Amino acid sequence: MNFSIISSSERLPARNYAIAAIGAAVLWLAVTMAANILIDPQGVFDLGPPRGHADDNVRYQRFRDYLAQADQYDAVMFASSRGIGFDRDLLAKLLGVHAVANFSVPMGLLTDHLPVLQYLLRDRAARGQRLAAVFLVIDPDLFGLPPWTNDNINAFLPPQVSGENRLRFWWRYLTVFQYSNWRRGLPSTLETYLPARWVARSVPRLAVAAMPVGLNLAFGQPLSPTTSLEGADAIQIRSDLSHQLALLAQFVSLCRANGVRLTVVFSPLNRQSEWAGDAQTPDNERTAALIANVVPVWDFDRPEWLSARPDLWLLGGDRSHYTVAVGAMMLHRIFGGETDAPADFGHLRTPSK
Amino acid sequence: MLFNTPEFVFVFLPLAVMLHFMAARQSVTLATVTTTASSLGFYAWWNPPFVLLPAISIVANFFLARAIMGAGESSARRLLFAGVTANLAVLGYFKYADFIAAIVEMRSPSPPNVPLALSFTTFVQIAFLVYVWRERPRVDFSRYAMFVSFFPHLIAGPIVRWDDLGPQIGDKLRYRFDWNNIALGLTVFCLGLGKKMLIADNLAPHIAPVFDAASLGEPITAFAAWGAAFAYSAQLYFDFSGYCDMAVGLGLLFNLQLPINFAAPLRSTNIIDLWRRWHITLSNFLRDFVYVPLGGSKCGPIRRALNLIATLALGGLWHGANWTFIAWGVFNGILLTANHAWRSYRSERPVTRSAHLAGWCATFISFAIGMVMFRSPNVGAMTCMLRAMVGLDGGPTAADQIRVKADLWLIRHGYLSEHLVRAVAGQNWSMMAALATLVALAILLLVPDTMELVDYRHGEPHAHWRRQLGRWAWRPSLPWLAFIAAVFAASFAFFWHVNEFLYYQF
């Protein structure tokens, strides 16, 4: 008896049809895997010579950097991308430690920092070393927003930190279809092997031509949240506020339980940024007060003089990331030392104040 | 594990099919045991400890069925009653206990936390026990375990019956590898995948902001409310029918024919026909195990109306412990009653083309109103949406910011007026969303359904819904191969944005 739904007398034998369909799917997967490994948009495979990546997973890269020199660190800095404003050598000197590991990651929140701290404490214990100090930078304008952690291909924590199955972690990076990131990362990949002039002229056209117009339109946008928050048009709601506060409390307890000296700092905000404008200020202030109820915080507010000094913010109209000069002022205010910042720049907020 | 993930498509599925047919070379029993193990592994991927629930349930129901088979009439009836009650008690504990407690304590129910597949496996096993009680068939454990746990239908149906799938699982001839069914199964799977990934999932982001705003009691324009209602109707259809297509396709890879669950229901021109063609296996279950035992249509029009409303209300409650689902069920029960009354009044008069169109409009609009109840997270949100649909909500003020980004490019480039968007679509809907909804509805109405394309008819209620396709009908050919490869490739590109199937929550 034949249980086939179709008759086998069709133009293309069913066997050939099925094998070709399976083959096409496998080929599509193989091409995807090859592109992910060779172009490596997130910089997680890191095979071959070092090069730029289209959509770095900074969380993973920071972890890899830490592992490369783990024995020399005895302190750590947690921050968002605003951590770029701190000179870690100066920080180490003022903290009185040997070296500070850098865990400043884009949109870094407690969902990123707490698992890393837990890992570091385990790791230091396994190495017979201890963590002396933690420097935690909090952004009062971003705290409580939906975290990026494990939400996008460029924001997955390393499996050692998240506890995720390693196979699952790598399978994800092998199989994600990310045409726009491949397209952006291809020139950098080819430049590693080919003359830069040839690459600059040919690659954009090649990459566009490689896809039909429809697919180009569909996949032309990078996977969110690679775009900056400053460019966002939608209103952001602090939907994760209570969760982040709970994680902060855990973070503080963990430091205390392990005898780690904790310094918590609010990033100074630029009044011209939409995230620190007049309309946003009461919300930022409420959030800051809630954080200060959990742990004493050095608050650098949104001083007018700082907002009026474009030279103290990163170039290119960035009103979110302050320069190392500002970071140095902050560090000297916290730990003592010479600074030309106004006297009212930065004060310690405690629950009672 | 979801059907729309690379690990399912490229690892689990090929392994499960290969192991099944390799085991089948040894014996049919080994193949059924192997596929049962694969299916439980598929379930365990979601939450390993929870796999105990279906495993225990399968064993318990099997031994209960054995006891029913060997018992006298009155004992068998008592055992059946105990079995049905026990199955419903487990379902009730996980699904409705908090809802009932919330009613007693006059508080809001907690978010549901129902073990995956419980609603479906409960109905499958209740139907099995009733069948065993009526027919006293011989059942062996390995076949029964595979019948319940078979992964294509395990999580979200179709709700299979033993008299349909049981004999197929027991048929030794079905354990031979069949390229014809592989070819057809892959095609059906890919078409279902496309429905889910390319249509349903692209509608979802447009719908959520409107219902979220409703749950916060924020103003919504009538255009946005109707748009979201139509969009959700299309999303649910493409999502669930896509899932069911995939289930049928997967079944075919194992030479098993699962029943059709959707027969292009949103093309129906009356609500009675729509419910015969929407989630067919659930409708059949409710008909056979609730509506008919209540007396069905044999007790006069008033009793029939009450039976219909009670059956549909129960069907609504099956979807979830929420007053919105009960409201949805009652609403549809009333619609069915009205449709029956209209039929009695109209008798057998011929139906004109314009009457068909009017019938479709009335049916689809009624269905979309029901979908507002179905999608709303609570009664407050439902009321807010329904008020907005009849224009009782003022809509946003001119000062309100447009929250969704879909129209921003068009506004910035001068193709759309910001004022128009704000006034018509409001803060949470967009003209692009309206366009996407229109495209989805056009596909739904004009493009033949998967089961029409491949001429798959197993379990369909009637054949009236099918259209003549001629050369568009599927056959293993190069153009069709290119088409399904393209659908798969495009769907694969969206695998990263994994969205659960909507019916997983039920």
# chains A, B, ... in the order shown; residues from 1 in each chain; ligands from 1
call {"tool": "residues_around", "arguments": {"residues": "Leu90 in chain A", "least_positions_apart": "3", "cutoff": "10 Å", "atoms": "only C-alpha atoms", "output": "list in words"}}
result
Phe86, Asp87, Lys93, Leu94, Leu95, Gly96, Ala99, Val100, Gly327, Ala328, Leu331 and His332 of chain A
call {"tool": "residues_around", "arguments": {"residues": "Ala341 in chain A", "least_positions_apart": "6", "cutoff": "12 Å", "atoms": "only C-alpha atoms", "output": "mmCIF file with C-alpha atoms, in the first residue's frame"}}
result
data_model
loop_
_atom_site.group_PDB
_atom_site.id
_atom_site.type_symbol
_atom_site.label_atom_id
_atom_site.label_comp_id
_atom_site.auth_asym_id
_atom_site.auth_seq_id
_atom_site.Cartn_x
_atom_site.Cartn_y
_atom_site.Cartn_z
ATOM 1 C CA PHE A 300 28.220 64.878 39.690
ATOM 2 C CA PRO A 303 26.556 71.302 35.959
ATOM 3 C CA TRP A 305 29.659 75.000 33.239
ATOM 4 C CA LEU A 306 30.321 71.435 32.079
ATOM 5 C CA LEU A 312 35.059 68.318 27.692
ATOM 6 C CA ALA A 325 39.760 65.267 31.600
ATOM 7 C CA VAL A 326 36.307 65.207 33.220
ATOM 8 C CA GLY A 327 36.950 61.698 34.506
ATOM 9 C CA ALA A 328 40.179 62.930 36.116
ATOM 10 C CA MET A 329 38.308 65.811 37.802
ATOM 11 C CA MET A 330 35.808 63.307 39.168
ATOM 12 C CA LEU A 331 38.470 60.928 40.436
ATOM 13 C CA HIS A 332 40.395 63.722 42.157
ATOM 14 C CA ARG A 333 37.207 64.986 43.778
#
call {"tool": "interface_residues", "arguments": {"of": "chain B", "to": "chain A", "cutoff": "9 Å", "atoms": "only C-alpha atoms", "output": "PyMOL selection string"}}
result
chain B and resi 6-7+10+173-174+178-184+186-187+252+255-256+401-405+408+454-456+475-478+481-482+484-485+488-490+492-496
call {"tool": "residues_around", "arguments": {"residues": "range 121-126 of chain B", "least_positions_apart": "6", "cutoff": "9 Å", "atoms": "only C-alpha atoms", "output": "VMD selection string"}}
result
chain B and resid 54 57 to 58 61 80 83 to 84 87 to 88 90 to 91 148 to 149 154 to 157 159 to 162 282 285
call {"tool": "residues_around", "arguments": {"residues": "range 58-70 of chain A", "least_positions_apart": "5", "cutoff": "7 Å", "atoms": "only C-alpha atoms", "output": "PyMOL selection string"}}
result
chain A and resi 44+101-103+105+155-158
call {"tool": "residues_around", "arguments": {"residues": "Pro209 in chain B", "least_positions_apart": "3", "cutoff": "9 Å", "atoms": "only C-alpha atoms", "output": "list in words"}}
result
Pro205, His206, Asp212, Ala213, Ala214, Arg403, Val404, Gln427, Asn428 and Trp429 of chain B
call {"tool": "closest_residue", "arguments": {"among": "B:Ala82, B:Phe63, B:Ile302, B:Val104", "to": "Val139 in chain B", "atoms": "only C-alpha atoms"}}
result
B:Phe63
call {"tool": "residues_around", "arguments": {"residues": "Phe81 in chain B", "least_positions_apart": "6", "cutoff": "12 Å", "atoms": "only C-alpha atoms", "output": "tab-separated table (two decimals) with N, CA and C atoms, in the first residue's frame"}}
result
chain	number	residue	atom	x	y	z
B	64	LEU	N	-5.06	3.78	33.06
B	64	LEU	CA	-6.50	4.01	33.26
B	64	LEU	C	-7.28	3.44	32.08
B	65	ALA	N	-6.75	3.69	30.87
B	65	ALA	CA	-7.41	3.16	29.67
B	65	ALA	C	-7.43	1.64	29.71
B	68	ILE	N	-10.12	0.60	32.00
B	68	ILE	CA	-11.44	0.79	31.38
B	68	ILE	C	-11.73	-0.37	30.41
B	74	SER	N	-20.49	-0.55	34.14
B	74	SER	CA	-20.64	0.47	35.17
B	74	SER	C	-19.28	0.87	35.75
B	75	SER	N	-18.38	-0.11	35.94
B	75	SER	CA	-17.04	0.22	36.45
B	75	SER	C	-16.30	1.08	35.43
B	87	ASN	N	-7.80	14.43	34.82
B	87	ASN	CA	-7.15	15.25	33.78
B	87	ASN	C	-7.56	16.71	33.91
B	88	LEU	N	-8.85	16.93	34.12
B	88	LEU	CA	-9.32	18.31	34.24
B	88	LEU	C	-8.80	18.95	35.52
B	89	ALA	N	-8.64	18.13	36.57
B	89	ALA	CA	-8.14	18.68	37.83
B	89	ALA	C	-6.71	19.18	37.68
B	126	ILE	N	-8.26	13.11	27.16
B	126	ILE	CA	-9.69	12.95	27.51
B	126	ILE	C	-10.42	12.30	26.32
B	129	LEU	N	-9.60	8.62	26.31
B	129	LEU	CA	-10.30	7.82	27.33
B	129	LEU	C	-11.75	7.56	26.91
B	130	VAL	N	-12.38	8.59	26.37
B	130	VAL	CA	-13.78	8.43	25.94
B	130	VAL	C	-13.85	7.41	24.81
B	133	TRP	N	-13.44	3.95	26.18
B	133	TRP	CA	-14.68	3.55	26.88
B	133	TRP	C	-15.76	3.11	25.89
call {"tool": "closest_residue", "arguments": {"among": "A:Leu315, A:Leu47, A:Val295, A:Ile84", "to": "Gln250 in chain A", "atoms": "only C-alpha atoms"}}
result
A:Val295
call {"tool": "residues_around", "arguments": {"residues": "Trp313 in chain A", "least_positions_apart": "5", "cutoff": "6 Å", "atoms": "only C-alpha atoms", "output": "PyMOL selection string"}}
result
chain A and resi 321-323
call {"tool": "atom_distance", "arguments": {"atom1": "CA of Val114 in chain B", "atom2": "CA of Arg78 in chain B"}}
result
28.4 Å
call {"tool": "select_by_dssp", "arguments": {"residues": "range 105-140 of chain A", "states": "alpha helix (DSSP H)", "output": "list in words"}}
result
Leu110, Thr111, Asp112, His113, Leu114, Pro115, Val116, Leu117, Gln118, Tyr119, Leu120, Leu121, Arg122, Asp123, Arg124, Ala125, Ala126 and Arg127 of chain A
call {"tool": "write_last_selection", "arguments": {"atoms": "C-alpha atoms", "output": "mmCIF file, in the first residue's frame"}}
result
data_model
loop_
_atom_site.group_PDB
_atom_site.id
_atom_site.type_symbol
_atom_site.label_atom_id
_atom_site.label_comp_id
_atom_site.auth_asym_id
_atom_site.auth_seq_id
_atom_site.Cartn_x
_atom_site.Cartn_y
_atom_site.Cartn_z
ATOM 1 C CA LEU A 110 23.433 45.997 36.712
ATOM 2 C CA THR A 111 22.176 43.098 34.574
ATOM 3 C CA ASP A 112 25.653 43.199 33.012
ATOM 4 C CA HIS A 113 27.711 44.121 36.056
ATOM 5 C CA LEU A 114 26.340 41.796 38.721
ATOM 6 C CA PRO A 115 26.981 38.497 36.850
ATOM 7 C CA VAL A 116 30.491 39.689 35.995
ATOM 8 C CA LEU A 117 31.183 40.602 39.626
ATOM 9 C CA GLN A 118 29.939 37.179 40.717
ATOM 10 C CA TYR A 119 32.201 35.539 38.162
ATOM 11 C CA LEU A 120 35.198 37.657 39.161
ATOM 12 C CA LEU A 121 34.807 36.808 42.841
ATOM 13 C CA ARG A 122 34.668 33.106 41.951
ATOM 14 C CA ASP A 123 37.596 33.434 39.599
ATOM 15 C CA ARG A 124 39.753 35.394 42.028
ATOM 16 C CA ALA A 125 39.037 32.853 44.731
ATOM 17 C CA ALA A 126 40.001 30.023 42.382
ATOM 18 C CA ARG A 127 43.278 31.805 41.624
#
call {"tool": "decode", "arguments": {"residues": "range 213-246 of chain B", "atoms": "N, CA and C atoms", "output": "mmCIF file, in the first residue's frame"}}
result
data_model
loop_
_atom_site.group_PDB
_atom_site.id
_atom_site.type_symbol
_atom_site.label_atom_id
_atom_site.label_comp_id
_atom_site.auth_asym_id
_atom_site.auth_seq_id
_atom_site.Cartn_x
_atom_site.Cartn_y
_atom_site.Cartn_z
ATOM 1 N N ALA B 213 -1.096 50.431 25.119
ATOM 2 C CA ALA B 213 -1.678 51.740 25.465
ATOM 3 C C ALA B 213 -3.063 51.538 26.077
ATOM 4 N N ALA B 214 -3.822 50.595 25.504
ATOM 5 C CA ALA B 214 -5.164 50.339 26.041
ATOM 6 C C ALA B 214 -5.081 49.831 27.478
ATOM 7 N N SER B 215 -4.106 48.997 27.748
ATOM 8 C CA SER B 215 -4.011 48.462 29.112
ATOM 9 C C SER B 215 -3.574 49.543 30.094
ATOM 10 N N LEU B 216 -2.928 50.597 29.590
ATOM 11 C CA LEU B 216 -2.561 51.716 30.466
ATOM 12 C C LEU B 216 -3.660 52.778 30.503
ATOM 13 N N GLY B 217 -4.737 52.525 29.759
ATOM 14 C CA GLY B 217 -5.861 53.471 29.731
ATOM 15 C C GLY B 217 -5.570 54.732 28.933
ATOM 16 N N GLU B 218 -4.581 54.656 28.051
ATOM 17 C CA GLU B 218 -4.222 55.835 27.254
ATOM 18 C C GLU B 218 -5.168 55.960 26.058
ATOM 19 N N PRO B 219 -5.357 57.186 25.562
ATOM 20 C CA PRO B 219 -6.286 57.376 24.443
ATOM 21 C C PRO B 219 -5.790 56.716 23.151
ATOM 22 N N ILE B 220 -6.747 56.168 22.415
ATOM 23 C CA ILE B 220 -6.444 55.488 21.148
ATOM 24 C C ILE B 220 -7.459 55.968 20.123
ATOM 25 N N THR B 221 -7.033 56.235 18.915
ATOM 26 C CA THR B 221 -7.986 56.665 17.893
ATOM 27 C C THR B 221 -8.782 55.454 17.385
ATOM 28 N N ALA B 222 -9.948 55.726 16.805
ATOM 29 C CA ALA B 222 -10.774 54.638 16.267
ATOM 30 C C ALA B 222 -10.021 53.910 15.160
ATOM 31 N N PHE B 223 -9.297 54.676 14.354
ATOM 32 C CA PHE B 223 -8.523 54.085 13.255
ATOM 33 C C PHE B 223 -7.481 53.102 13.798
ATOM 34 N N ALA B 224 -6.817 53.527 14.876
ATOM 35 C CA ALA B 224 -5.791 52.670 15.475
ATOM 36 C C ALA B 224 -6.422 51.424 16.074
ATOM 37 N N ALA B 225 -7.551 51.600 16.742
ATOM 38 C CA ALA B 225 -8.196 50.453 17.398
ATOM 39 C C ALA B 225 -8.662 49.431 16.362
ATOM 40 N N TRP B 226 -9.313 49.921 15.296
ATOM 41 C CA TRP B 226 -9.751 48.990 14.243
ATOM 42 C C TRP B 226 -8.553 48.375 13.534
ATOM 43 N N GLY B 227 -7.555 49.215 13.272
ATOM 44 C CA GLY B 227 -6.353 48.715 12.600
ATOM 45 C C GLY B 227 -5.714 47.592 13.396
ATOM 46 N N ALA B 228 -5.562 47.813 14.719
ATOM 47 C CA ALA B 228 -4.932 46.793 15.561
ATOM 48 C C ALA B 228 -5.793 45.529 15.618
ATOM 49 N N ALA B 229 -7.121 45.727 15.627
ATOM 50 C CA ALA B 229 -8.017 44.558 15.667
ATOM 51 C C ALA B 229 -7.879 43.729 14.387
ATOM 52 N N PHE B 230 -7.865 44.399 13.247
ATOM 53 C CA PHE B 230 -7.702 43.681 11.967
ATOM 54 C C PHE B 230 -6.316 43.030 11.894
ATOM 55 N N ALA B 231 -5.315 43.804 12.326
ATOM 56 C CA ALA B 231 -3.944 43.288 12.256
ATOM 57 C C ALA B 231 -3.796 42.058 13.144
ATOM 58 N N TYR B 232 -4.386 42.103 14.342
ATOM 59 C CA TYR B 232 -4.248 40.952 15.232
ATOM 60 C C TYR B 232 -5.009 39.743 14.678
ATOM 61 N N SER B 233 -6.147 39.992 14.042
ATOM 62 C CA SER B 233 -6.880 38.880 13.416
ATOM 63 C C SER B 233 -5.981 38.180 12.400
ATOM 64 N N ALA B 234 -5.298 38.997 11.589
ATOM 65 C CA ALA B 234 -4.412 38.419 10.577
ATOM 66 C C ALA B 234 -3.212 37.756 11.243
ATOM 67 N N GLN B 235 -2.665 38.411 12.267
ATOM 68 C CA GLN B 235 -1.477 37.843 12.930
ATOM 69 C C GLN B 235 -1.794 36.475 13.535
ATOM 70 N N LEU B 236 -2.901 36.399 14.258
ATOM 71 C CA LEU B 236 -3.246 35.132 14.915
ATOM 72 C C LEU B 236 -3.470 34.036 13.873
ATOM 73 N N TYR B 237 -4.147 34.418 12.779
ATOM 74 C CA TYR B 237 -4.390 33.433 11.729
ATOM 75 C C TYR B 237 -3.074 32.915 11.155
ATOM 76 N N PHE B 238 -2.205 33.843 10.745
ATOM 77 C CA PHE B 238 -0.962 33.405 10.102
ATOM 78 C C PHE B 238 -0.050 32.689 11.097
ATOM 79 N N ASP B 239 -0.077 33.120 12.331
ATOM 80 C CA ASP B 239 0.763 32.495 13.339
ATOM 81 C C ASP B 239 0.323 31.066 13.606
ATOM 82 N N PHE B 240 -0.963 30.901 13.917
ATOM 83 C CA PHE B 240 -1.441 29.577 14.320
ATOM 84 C C PHE B 240 -1.600 28.652 13.125
ATOM 85 N N SER B 241 -2.090 29.192 12.003
ATOM 86 C CA SER B 241 -2.211 28.301 10.844
ATOM 87 C C SER B 241 -0.825 27.956 10.320
ATOM 88 N N GLY B 242 0.136 28.891 10.469
ATOM 89 C CA GLY B 242 1.521 28.591 10.096
ATOM 90 C C GLY B 242 2.061 27.465 10.955
ATOM 91 N N TYR B 243 1.785 27.552 12.255
ATOM 92 C CA TYR B 243 2.225 26.483 13.161
ATOM 93 C C TYR B 243 1.605 25.140 12.744
ATOM 94 N N CYS B 244 0.302 25.167 12.458
ATOM 95 C CA CYS B 244 -0.386 23.916 12.110
ATOM 96 C C CYS B 244 0.115 23.356 10.786
ATOM 97 N N ASP B 245 0.412 24.244 9.835
ATOM 98 C CA ASP B 245 1.016 23.773 8.578
ATOM 99 C C ASP B 245 2.342 23.077 8.866
ATOM 100 N N MET B 246 3.127 23.700 9.731
ATOM 101 C CA MET B 246 4.428 23.111 10.059
ATOM 102 C C MET B 246 4.238 21.746 10.728
#
